[in-house]
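Notes for the one structure printed next.
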There are 4 protein chains.
Amino acid sequence: MSETLARRYARVRAHTDALAAPLSEADCQVQSMPDASPVKWHLAHVTWFFETFVLEPHEPGFRPFHPAFRVLFNSYYNAVGDKHPRPQRGLVTRPGLAEVRRYRQAVDERIAALLARGARDAALGGVLAPLLELGLQHEQQHQELLLTDLTHLLSLNPLQPAYDDGPGPAPMPAQAAGWIAHDGGLVEIGHDAGAGGFAFDNEGPRHRVFLRPFEIATRPVSNAEWAAFIADGGYRQPRWWLSAGWDWVQAQHIDSPLYWRREHAGDGLDAHSGFGLHGRRALDPHAPVCHVSLYEADAYARWRGARLPTEAEWEHAATTQPAPAQCFGAVWQWTASPYSPYPGYTPWPGAVGEYNGKFMIDQTVLRGSSWATPAGHARASYRNFFPASTRWQFAGLRLARDC
Amino acid sequence: MSETLARRYARVRAHTDALAAPLSEADCQVQSMPDASPVKWHLAHVTWFFETFVLEPHEPGFRPFHPAFRVLFNSYYNAVGDKHPRPQRGLVTRPGLAEVRRYRQAVDERIAALLARGARDAALGGVLAPLLELGLQHEQQHQELLLTDLTHLLSLNPLQPAYDDGPGPAPMPAQAAGWIAHDGGLVEIGHDAGAGGFAFDNEGPRHRVFLRPFEIATRPVSNAEWAAFIADGGYRQPRWWLSAGWDWVQAQHIDSPLYWRREHAGDGLDAHSGFGLHGRRALDPHAPVCHVSLYEADAYARWRGARLPTEAEWEHAATTQPAPAQCFGAVWQWTASPYSPYPGYTPWPGAVGEYNGKFMIDQTVLRGSSWATPAGHARASYRNFFPASTRWQFAGLRLARDC
Amino acid sequence: MSETLARRYARVRAHTDALAAPLSEADCQVQSMPDASPVKWHLAHVTWFFETFVLEPHEPGFRPFHPAFRVLFNSYYNAVGDKHPRPQRGLVTRPGLAEVRRYRQAVDERIAALLARGARDAALGGVLAPLLELGLQHEQQHQELLLTDLTHLLSLNPLQPAYDDGPGPAPMPAQAAGWIAHDGGLVEIGHDAGAGGFAFDNEGPRHRVFLRPFEIATRPVSNAEWAAFIADGGYRQPRWWLSAGWDWVQAQHIDSPLYWRREHAGDGLDAHSGFGLHGRRALDPHAPVCHVSLYEADAYARWRGARLPTEAEWEHAATTQPAPAQCFGAVWQWTASPYSPYPGYTPWPGAVGEYNGKFMIDQTVLRGSSWATPAGHARASYRNFFPASTRWQFAGLRLARDC
Amino acid sequence: MSETLARRYARVRAHTDALAAPLSEADCQVQSMPDASPVKWHLAHVTWFFETFVLEPHEPGFRPFHPAFRVLFNSYYNAVGDKHPRPQRGLVTRPGLAEVRRYRQAVDERIAALLARGARDAALGGVLAPLLELGLQHEQQHQELLLTDLTHLLSLNPLQPAYDDGPGPAPMPAQAAGWIAHDGGLVEIGHDAGAGGFAFDNEGPRHRVFLRPFEIATRPVSNAEWAAFIADGGYRQPRWWLSAGWDWVQAQHIDSPLYWRREHAGDGLDAHSGFGLHGRRALDPHAPVCHVSLYEADAYARWRGARLPTEAEWEHAATTQPAPAQCFGAVWQWTASPYSPYPGYTPWPGAVGEYNGKFMIDQTVLRGSSWATPAGHARASYRNFFPASTRWQFAGLRLARDC
């Protein structure tokens, strides 16, 4: 098994390198806002995770690659020790990109050697496997974050440069929106620890939830549908908005999804352009709307006479036939559920127990996955979460309603 | 029935006046922070509520007491029109306190006349009754807020003046803490609309929730117990805290409940004093700790190896024999539940529909009631809610744990 | 002489009381912004000044009126000890207005008694006279500040209430603007300590300044002239503005003097109204423009192809025949001079040495006096000073230019 | 003459490149605070200056190197058009460093060609010479700023990296401090336009100033002398400080010059280290103290019973025999003079008139030059200026006092 794991390790790590390959050292250096991190920091931090949680406890004669990296590339694990302040990640021009790449390579080689030992030592192999898997899942999360953060950075450049000069995704076909009805009742959601497969601690335990009958939309809300909300004055009428959302709209002068820009007069979709890793482009009317906050998603749903699904409804629908389209691989989907512990939730022991539990306040759950989520990383029980005003993630929405 | 309602109206209104009676015009004028309101504003706003939602639609030939009051004393009802910015409430020195008292009296007289008509006109009476009741419940909420806001104002005065020079509450007897076990399962919570009695829209509909077995504490956490948390360094160790809570503790230099002050060296309870409407006093060791935030309540629970109850657990326990002590009349009790709509929740129609629903984001539910809650206002289904960093409310906590 | 001083003391103190007489306790309580102070605080602080600098060192058996007042009503004298934070002055509802009036009365009686001793004891009388005079000059400064702060407070009330319901000042007659030429050369400015008469320490020593030939305007800039600047787009063109001024105009959305409000379409003076102690009124076209910042005054002068006079030019012109009109009693006049010590400047010894010198950075000098300056308080060497963005003072401008 | 100018142009431009040569693309990219600029931006902006003010009006068939650079690399010239917001300079990762170097090279070639034309066309040559000289003086200013900004960036890196790994400057010899007396009287300062040589517009016109007798220190204040101020509690006693300075000390928790770090207990100089382009090092006791604000310089002078010189005193002393030591090439020296226009000052016509005049508010003049000022750039009439809280410049102080 550790042989397979070694190959999986190499593949995931190589994918991270591939994502950063087209970028200059400057592109990798800059932090565009406190919530984002530099690409270089992502490259180093995921490596630090392996060094700290795999090599340090299990490599004989462990010595850190660089003593200062323990602090520099710690994100938020208080149990590990000090950490460099998040808003100052972009100030660290040294180590340079080349040294961070050497860091990645050195850790990769040492992990490979350790895995080889694990292949010969079943006890060690059994300890390493779940830690490696956690590190790889963690790295996959940062693969997506690297792209969200990079999109944000490039969007602030007046030249509106593209990360990828290719043609971009093909236009999506029109698809009528419908509803899928569910009876509700006492259903089970959450990851079943006994069933195998990786899950984060916050996805369990599997537990019973009582649902009322509900309907869920067959697909996410599209750009064209969102443009109708704009045209109807949706961003200017307080009645659709949560109170905090309305304050936010006014204070931030929000009038369309992040990265949309009004190119000429008119309210229609064609009056706007969008920005993404392919640069500034026309918006695809049938693609799911992206880069909206929970506030906007909630207001839109209200305007449509609907609501957002709870995460239990979403998961139940996504795992029941017929499942709705585009649950995965399009956009993350805001739910109506605040991010809270499941009944009986227990964080993992040790420092990795800081992974999820300590963020369970004032965040809202997103479900599914986006086009930028690495293949194989998504699952129905996955709980993504962000504050209600977050817009730089690849997030849209799917409607629900009571029957 | 409207005769009874008239008497109830007079009694509730008189209680508000009695609360403000010991105060000077200056005491009634000042707004100590944006989250608080001046006493004078409370006196006027609750009156505006009756004028706007009872008199304006139902009084023949209605004319406002003063046209500008429509804006000045609107709190947040967008459907009613403009509103004076909340942080500027304390700047309105005119109308003065005497004119606001005339406003109260004039509206009281007109309400009385309208109720007399309602006593003779059953259709009108039937319409008025629920509106009046809502207005009175609203005024009772502001009776408590008036005291929370006043406490905050007086606390900022270096002279630490008392609102009430009396002896204050008698010391509470020591009371051993225990646990009450519950089996859980599929239980019902929420207000049953068919059962009669007033409830806010957010308390319904009554619905089923699946609970795991749990235990709940027989009484709230006391001042003496809290002092042990301080003495153990609870405010200095990140492991007990939510991430946002730890940031808040450090940024705000929090090291004890609001209004506690260290009087001399030492960590014990007797090294601290507290502040309240009786001025600065010694802390009662056996009284429930008060003026803690959700962040602090959550950290304390973790330090004790316990957790906060969910609101469903709290309500189920409070309505099942044997019920825990001090569910009501001591301190509001933080729960683990974010403030979200119940399944099937529908806001009231019209402007009063803005009462609750639009605040359902990034707030946490408190249950029970405090010593400052007016008699008869509390009930088991009541959902109070505040942001996680809130400390100036009369809020403490009760522990729970999994079985 | 101390007999005369006693009468002067009584007259100045009574004038302060008269200014506050029409106000409610609420009007006297509120602080409308950190730069302003409550009327009640002004009433108490000027009394504290006499108590601290006259009674405390010279009254036999001195005991403070209230020990806490030493801190509560200290403005900024570090040498005296702690001081209550300025932005929190409005939070102190106790002592109430009546107690502050008792404080005033008690100090007045004790000062009277001390002056009576001084009348019999020449040495004491000689010590008291300059201290009393300083206290009275200080109180006169606060008489004007009380009105500037009150105007600001009332301006923020949506009802736009008047302090004085009388007809207000008569319209000013039209007056052609002209220039008065000066040859310059080596001139003397500043207060001559040997010549007698009161002056603050910052007005001396008298010293020589070399001036180039210049011209100064016969009168201040009028409202009608200012309206022409607005109509010409003066607030929208960066070329007239200091860099910091342009940033300020844009960040604060400034487009007219403080308290001006556009009542209907059009750019002319009659499209605007003004606000003052008589409430909201039409603007007098020939009255000096008031409530402009140094940034605005400087931009206006540039737009007119002129400049502001330096304080040396202003003082030289004001003391040379023919002197320009309205040097005093209309509006304070911004100069081109940063507030710096005169050559050879020495602060007064002791705590009163903190009166002026420690503010000599990033402030600009205003000369003359306003309609609100108490009679007898103004003089040609007087140096008023405020930050460049200040608008709530009664400040306008007078033009100058090189020959 | 233009031949010489061409060589001078090449030399100055090459020096800029040499300063940036040891840096990585990441080092050149990052903006460490809004007041600082990225090295890459400096490289591009000084080039933009030549392109905009020399090539655009004078090169036949001028076409911009890149149309977007007109906005991207404009610093503050409103007359030129829009400008990229200063705090966002560090976000522009594209153009990359290589393209900015191509930009420099392209402009250099076109300037060389234009100069060759100027050598054959006397009229053109006469027009080009002063513009080129202005551009070179401008570039020299940015050579120093590049080093100040880079020092700030590297100082924020926890690794405290060095720009230059060499041994650093040799220790300075101890040098007794003395005073040089001046009689004052009517003296002349400022640049004499008729005397030839380059000067910025703010250095003229030459004009008469009346000075009282004064003494000026023979050398700047040293690190060892500054350490005595720290040891005497200078940063903790309000009496030495301007009011705004004391607020600043407390709000920013200032207790030593920027980049000083306390390495172990004790107050002496050897308890501290300093940071600079050679990394973190011991402080040289006899070197001039550097990286202090005007607030600190002023407080120190008061503590010494002295004051800062006015700029007129400084310039008069620097140009009169015997001149004090280290007027140039050590540290910029704060003066007591706010930055104001000289009598008769006229900005240059056109867009370059925005160079100096519009900053004449709330800044204080520094005189002399620092070790980082390019050779040949300093002169006695030079007026550098920064806000009073500025610390990242290479600024110290020299004392003066009244006779």
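Every chain in the structure tokens has a letter given in the order shown (A, B, ...), and although residue numbers restart at 1 in each chain, ligands are simply numbered from 1 in the order shown.
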
For this session: Fewer than 4 positions away in the same chain doesn't count, so skip those; otherwise give me all residues within 8 Å of segment 286-300 of chain A, counting only C-alpha atoms, as a count of residues only.
Result: 38

For this session: Tell me which protein, DNA and RNA residues are within 10 Å of Trp41 of chain D, counting only C-alpha atoms, leaving out same-chain ones fewer than 2 positions away, and put them as a PyMOL selection string.
Result: chain D and resi 28-31+37-39+43-47+72-75+89-90+92+97+100+146

Exercise. Which parts of segment 54-233 of chain B does DSSP call alpha helix (DSSP H) when run on the backbone here, written out as a ChimeraX atom specification?
Worked result: /B:56-58,69-72,97-120,122-155,223-231

Exercise. Can you list, as an MDAnalysis selection string, every residue of segment 316-364 of chain B that DSSP puts in strand (DSSP E)?
Worked result: chainID B and resid 332:338 364

Those same residues - all heavy atoms - I'd like them written as a JSON list (two decimals), in the first residue's frame.
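Done, and the output landed in selection-v1.json:
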```json
[["chain", "number", "residue", "atom", "x", "y", "z"],
["B", 332, "TRP", "N", -29.10, 35.32, 30.94],
["B", 332, "TRP", "CA", -29.23, 34.68, 29.65],
["B", 332, "TRP", "C", -28.10, 33.67, 29.48],
["B", 332, "TRP", "O", -27.00, 33.90, 29.97],
["B", 332, "TRP", "CB", -29.18, 35.71, 28.53],
["B", 332, "TRP", "CG", -30.38, 36.59, 28.49],
["B", 332, "TRP", "CD1", -30.51, 37.83, 29.02],
["B", 332, "TRP", "CD2", -31.64, 36.27, 27.88],
["B", 332, "TRP", "NE1", -31.77, 38.31, 28.80],
["B", 332, "TRP", "CE2", -32.49, 37.38, 28.09],
["B", 332, "TRP", "CE3", -32.14, 35.17, 27.19],
["B", 332, "TRP", "CZ2", -33.79, 37.42, 27.63],
["B", 332, "TRP", "CZ3", -33.44, 35.21, 26.72],
["B", 332, "TRP", "CH2", -34.27, 36.32, 26.95],
["B", 333, "GLN", "N", -28.37, 32.60, 28.76],
["B", 333, "GLN", "CA", -27.39, 31.51, 28.68],
["B", 333, "GLN", "C", -27.01, 31.25, 27.22],
["B", 333, "GLN", "O", -27.85, 30.90, 26.40],
["B", 333, "GLN", "CB", -27.99, 30.26, 29.35],
["B", 333, "GLN", "CG", -28.15, 30.50, 30.87],
["B", 333, "GLN", "CD", -29.26, 29.72, 31.50],
["B", 333, "GLN", "OE1", -29.40, 28.52, 31.23],
["B", 333, "GLN", "NE2", -30.06, 30.36, 32.34],
["B", 334, "TRP", "N", -25.75, 31.48, 26.93],
["B", 334, "TRP", "CA", -25.24, 31.23, 25.58],
["B", 334, "TRP", "C", -25.45, 29.76, 25.22],
["B", 334, "TRP", "O", -25.22, 28.88, 26.05],
["B", 334, "TRP", "CB", -23.75, 31.53, 25.48],
["B", 334, "TRP", "CG", -23.39, 32.98, 25.48],
["B", 334, "TRP", "CD1", -22.82, 33.67, 26.50],
["B", 334, "TRP", "CD2", -23.54, 33.91, 24.39],
["B", 334, "TRP", "NE1", -22.61, 34.98, 26.13],
["B", 334, "TRP", "CE2", -23.03, 35.16, 24.84],
["B", 334, "TRP", "CE3", -24.03, 33.82, 23.10],
["B", 334, "TRP", "CZ2", -23.01, 36.30, 24.03],
["B", 334, "TRP", "CZ3", -24.03, 34.95, 22.29],
["B", 334, "TRP", "CH2", -23.53, 36.17, 22.76],
["B", 335, "THR", "N", -25.83, 29.49, 24.00],
["B", 335, "THR", "CA", -25.91, 28.11, 23.52],
["B", 335, "THR", "C", -24.87, 27.89, 22.43],
["B", 335, "THR", "O", -24.17, 28.82, 22.02],
["B", 335, "THR", "CB", -27.29, 27.79, 22.93],
["B", 335, "THR", "OG1", -27.41, 28.47, 21.67],
["B", 335, "THR", "CG2", -28.41, 28.23, 23.87],
["B", 336, "ALA", "N", -24.78, 26.66, 21.96],
["B", 336, "ALA", "CA", -23.88, 26.32, 20.86],
["B", 336, "ALA", "C", -24.54, 26.57, 19.51],
["B", 336, "ALA", "O", -23.94, 26.26, 18.47],
["B", 336, "ALA", "CB", -23.48, 24.85, 20.96],
["B", 337, "SER", "N", -25.75, 27.14, 19.49],
["B", 337, "SER", "CA", -26.51, 27.23, 18.23],
["B", 337, "SER", "C", -26.40, 28.58, 17.57],
["B", 337, "SER", "O", -26.80, 29.59, 18.14],
["B", 337, "SER", "CB", -27.99, 26.93, 18.50],
["B", 337, "SER", "OG", -28.14, 25.61, 18.97],
["B", 338, "PRO", "N", -25.91, 28.60, 16.33],
["B", 338, "PRO", "CA", -26.01, 29.81, 15.53],
["B", 338, "PRO", "C", -27.49, 30.14, 15.33],
["B", 338, "PRO", "O", -28.34, 29.23, 15.30],
["B", 338, "PRO", "CB", -25.36, 29.44, 14.21],
["B", 338, "PRO", "CG", -24.61, 28.17, 14.46],
["B", 338, "PRO", "CD", -25.29, 27.49, 15.58],
["B", 364, "THR", "N", -25.40, 34.26, 17.68],
["B", 364, "THR", "CA", -25.55, 33.01, 18.42],
["B", 364, "THR", "C", -26.74, 33.14, 19.37],
["B", 364, "THR", "O", -26.98, 34.21, 19.93],
["B", 364, "THR", "CB", -24.25, 32.68, 19.18],
["B", 364, "THR", "OG1", -23.19, 32.53, 18.23],
["B", 364, "THR", "CG2", -24.39, 31.36, 19.96]]
```

For this session: Using only C-alpha atoms, find the residues of chain C whose closest atom to chain D is at most 8 Å away, then write them as a list in words.
Result: Asn78, Ala79, Arg208, Val209, Phe210, Leu211, Arg212, Pro238, Arg239, Trp241, Leu242, Ser243, Ala244, Ser337, Pro338, Ser340, Pro343, Gly344, Gly357, Lys358, Phe359, Met360, Ile361, Asp362, Gln363 and Asp402 of chain C

Save the residues we just selected, N, CA and C atoms, as a PDB file, in the first residue's frame?
```pdb
ATOM      1  N   ASN C  78      -0.170  67.568  31.325  1.00  0.00           N
ATOM      2  CA  ASN C  78       0.475  66.368  31.850  1.00  0.00           C
ATOM      3  C   ASN C  78       1.132  66.630  33.195  1.00  0.00           C
ATOM      4  N   ALA C  79       1.597  67.848  33.383  1.00  0.00           N
ATOM      5  CA  ALA C  79       2.294  68.144  34.635  1.00  0.00           C
ATOM      6  C   ALA C  79       1.335  68.127  35.824  1.00  0.00           C
ATOM      7  N   ARG C 208      12.157  90.812  14.746  1.00  0.00           N
ATOM      8  CA  ARG C 208      12.222  91.383  13.401  1.00  0.00           C
ATOM      9  C   ARG C 208      12.027  90.305  12.334  1.00  0.00           C
ATOM     10  N   VAL C 209      11.283  90.661  11.286  1.00  0.00           N
ATOM     11  CA  VAL C 209      11.047  89.766  10.148  1.00  0.00           C
ATOM     12  C   VAL C 209      11.250  90.580   8.885  1.00  0.00           C
ATOM     13  N   PHE C 210      11.884  89.983   7.913  1.00  0.00           N
ATOM     14  CA  PHE C 210      12.073  90.698   6.655  1.00  0.00           C
ATOM     15  C   PHE C 210      10.963  90.330   5.679  1.00  0.00           C
ATOM     16  N   LEU C 211      10.216  91.314   5.217  1.00  0.00           N
ATOM     17  CA  LEU C 211       9.092  91.076   4.295  1.00  0.00           C
ATOM     18  C   LEU C 211       9.375  91.667   2.918  1.00  0.00           C
ATOM     19  N   ARG C 212       8.985  90.947   1.893  1.00  0.00           N
ATOM     20  CA  ARG C 212       8.981  91.507   0.542  1.00  0.00           C
ATOM     21  C   ARG C 212       7.747  92.397   0.376  1.00  0.00           C
ATOM     22  N   PRO C 238      -8.099  69.266  -9.343  1.00  0.00           N
ATOM     23  CA  PRO C 238      -6.948  69.104  -8.446  1.00  0.00           C
ATOM     24  C   PRO C 238      -5.922  70.226  -8.549  1.00  0.00           C
ATOM     25  N   ARG C 239      -5.901  70.967  -9.662  1.00  0.00           N
ATOM     26  CA  ARG C 239      -4.788  71.906  -9.804  1.00  0.00           C
ATOM     27  C   ARG C 239      -4.796  73.025  -8.769  1.00  0.00           C
ATOM     28  N   TRP C 241      -5.392  72.641  -5.597  1.00  0.00           N
ATOM     29  CA  TRP C 241      -5.316  72.103  -4.240  1.00  0.00           C
ATOM     30  C   TRP C 241      -3.927  71.606  -3.865  1.00  0.00           C
ATOM     31  N   LEU C 242      -3.591  71.809  -2.606  1.00  0.00           N
ATOM     32  CA  LEU C 242      -2.472  71.075  -2.034  1.00  0.00           C
ATOM     33  C   LEU C 242      -2.757  69.580  -2.169  1.00  0.00           C
ATOM     34  N   SER C 243      -1.718  68.790  -2.263  1.00  0.00           N
ATOM     35  CA  SER C 243      -1.903  67.347  -2.452  1.00  0.00           C
ATOM     36  C   SER C 243      -2.737  66.741  -1.322  1.00  0.00           C
ATOM     37  N   ALA C 244      -2.393  67.077  -0.085  1.00  0.00           N
ATOM     38  CA  ALA C 244      -3.155  66.547   1.054  1.00  0.00           C
ATOM     39  C   ALA C 244      -4.585  67.082   1.050  1.00  0.00           C
ATOM     40  N   SER C 337       0.973  80.669   7.307  1.00  0.00           N
ATOM     41  CA  SER C 337       2.062  80.356   8.241  1.00  0.00           C
ATOM     42  C   SER C 337       1.768  79.129   9.089  1.00  0.00           C
ATOM     43  N   PRO C 338       2.635  78.129   9.003  1.00  0.00           N
ATOM     44  CA  PRO C 338       2.568  77.035   9.969  1.00  0.00           C
ATOM     45  C   PRO C 338       2.820  77.607  11.368  1.00  0.00           C
ATOM     46  N   SER C 340       4.618  77.895  14.458  1.00  0.00           N
ATOM     47  CA  SER C 340       5.968  77.593  14.946  1.00  0.00           C
ATOM     48  C   SER C 340       6.329  78.584  16.026  1.00  0.00           C
ATOM     49  N   PRO C 343      11.302  83.246  17.057  1.00  0.00           N
ATOM     50  CA  PRO C 343      12.709  83.192  17.490  1.00  0.00           C
ATOM     51  C   PRO C 343      12.833  83.655  18.934  1.00  0.00           C
ATOM     52  N   GLY C 344      13.457  82.844  19.760  1.00  0.00           N
ATOM     53  CA  GLY C 344      13.652  83.200  21.158  1.00  0.00           C
ATOM     54  C   GLY C 344      12.480  82.851  22.059  1.00  0.00           C
ATOM     55  N   GLY C 357       3.082  75.805  23.711  1.00  0.00           N
ATOM     56  CA  GLY C 357       4.266  75.364  23.000  1.00  0.00           C
ATOM     57  C   GLY C 357       4.186  73.948  22.478  1.00  0.00           C
ATOM     58  N   LYS C 358       3.507  73.080  23.207  1.00  0.00           N
ATOM     59  CA  LYS C 358       3.580  71.676  22.783  1.00  0.00           C
ATOM     60  C   LYS C 358       2.669  71.355  21.600  1.00  0.00           C
ATOM     61  N   PHE C 359       1.970  72.366  21.106  1.00  0.00           N
ATOM     62  CA  PHE C 359       1.121  72.139  19.929  1.00  0.00           C
ATOM     63  C   PHE C 359       1.741  72.654  18.635  1.00  0.00           C
ATOM     64  N   MET C 360       3.024  73.037  18.695  1.00  0.00           N
ATOM     65  CA  MET C 360       3.630  73.699  17.544  1.00  0.00           C
ATOM     66  C   MET C 360       4.123  72.715  16.491  1.00  0.00           C
ATOM     67  N   ILE C 361       3.188  71.954  15.943  1.00  0.00           N
ATOM     68  CA  ILE C 361       3.506  71.047  14.837  1.00  0.00           C
ATOM     69  C   ILE C 361       2.225  70.765  14.057  1.00  0.00           C
ATOM     70  N   ASP C 362       2.313  70.863  12.752  1.00  0.00           N
ATOM     71  CA  ASP C 362       1.200  70.477  11.878  1.00  0.00           C
ATOM     72  C   ASP C 362      -0.093  71.224  12.186  1.00  0.00           C
ATOM     73  N   GLN C 363       0.044  72.496  12.524  1.00  0.00           N
ATOM     74  CA  GLN C 363      -1.111  73.362  12.680  1.00  0.00           C
ATOM     75  C   GLN C 363      -0.810  74.635  11.889  1.00  0.00           C
ATOM     76  N   ASP C 402       1.817  88.999  -4.035  1.00  0.00           N
ATOM     77  CA  ASP C 402       3.091  89.697  -4.219  1.00  0.00           C
ATOM     78  C   ASP C 402       2.864  90.916  -5.101  1.00  0.00           C
TER      79      ASP C 402
END
```

For this session: Excluding Gly61 of chain B and residues on its chain fewer than 4 positions from it, collect all residues at most 12 Å away from it, counting only C-alpha atoms, and give them as a list in words.
Result: Leu55, Glu56, Pro57, Arg110 and Leu114 of chain B

Prev. selection, all heavy atoms, output as a tab-separated table (two decimals), in the first residue's frame:
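And here's result-v4.tsv as it stands now:
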```tsv
chain	number	residue	atom	x	y	z
B	55	LEU	N	-51.48	52.91	15.67
B	55	LEU	CA	-52.30	54.11	15.40
B	55	LEU	C	-52.39	54.41	13.90
B	55	LEU	O	-53.48	54.65	13.38
B	55	LEU	CB	-51.72	55.32	16.12
B	55	LEU	CG	-51.80	55.31	17.66
B	55	LEU	CD1	-51.23	56.61	18.22
B	55	LEU	CD2	-53.24	55.12	18.13
B	56	GLU	N	-51.26	54.42	13.24
B	56	GLU	CA	-51.27	54.87	11.85
B	56	GLU	C	-52.23	54.07	10.98
B	56	GLU	O	-53.03	54.66	10.25
B	56	GLU	CB	-49.85	54.84	11.28
B	56	GLU	CG	-49.78	55.34	9.85
B	56	GLU	CD	-48.36	55.61	9.39
B	56	GLU	OE1	-47.46	55.79	10.24
B	56	GLU	OE2	-48.13	55.65	8.16
B	57	PRO	N	-52.26	52.73	11.06
B	57	PRO	CA	-53.22	52.01	10.22
B	57	PRO	C	-54.64	51.99	10.76
B	57	PRO	O	-55.57	51.73	9.99
B	57	PRO	CB	-52.65	50.59	10.15
B	57	PRO	CG	-51.77	50.46	11.34
B	57	PRO	CD	-51.29	51.82	11.70
B	110	ARG	N	-54.10	58.20	22.97
B	110	ARG	CA	-54.72	57.82	21.70
B	110	ARG	C	-54.90	56.31	21.61
B	110	ARG	O	-55.85	55.82	21.04
B	110	ARG	CB	-53.88	58.37	20.54
B	110	ARG	CG	-54.00	59.90	20.46
B	110	ARG	CD	-52.88	60.55	19.69
B	110	ARG	NE	-52.92	60.12	18.29
B	110	ARG	CZ	-52.09	60.60	17.36
B	110	ARG	NH1	-51.15	61.50	17.69
B	110	ARG	NH2	-52.18	60.18	16.12
B	114	LEU	N	-58.39	54.35	21.17
B	114	LEU	CA	-58.58	53.35	20.12
B	114	LEU	C	-59.02	52.02	20.72
B	114	LEU	O	-59.87	51.32	20.16
B	114	LEU	CB	-57.26	53.18	19.34
B	114	LEU	CG	-57.31	52.32	18.09
B	114	LEU	CD1	-58.27	52.91	17.05
B	114	LEU	CD2	-55.91	52.17	17.48
```
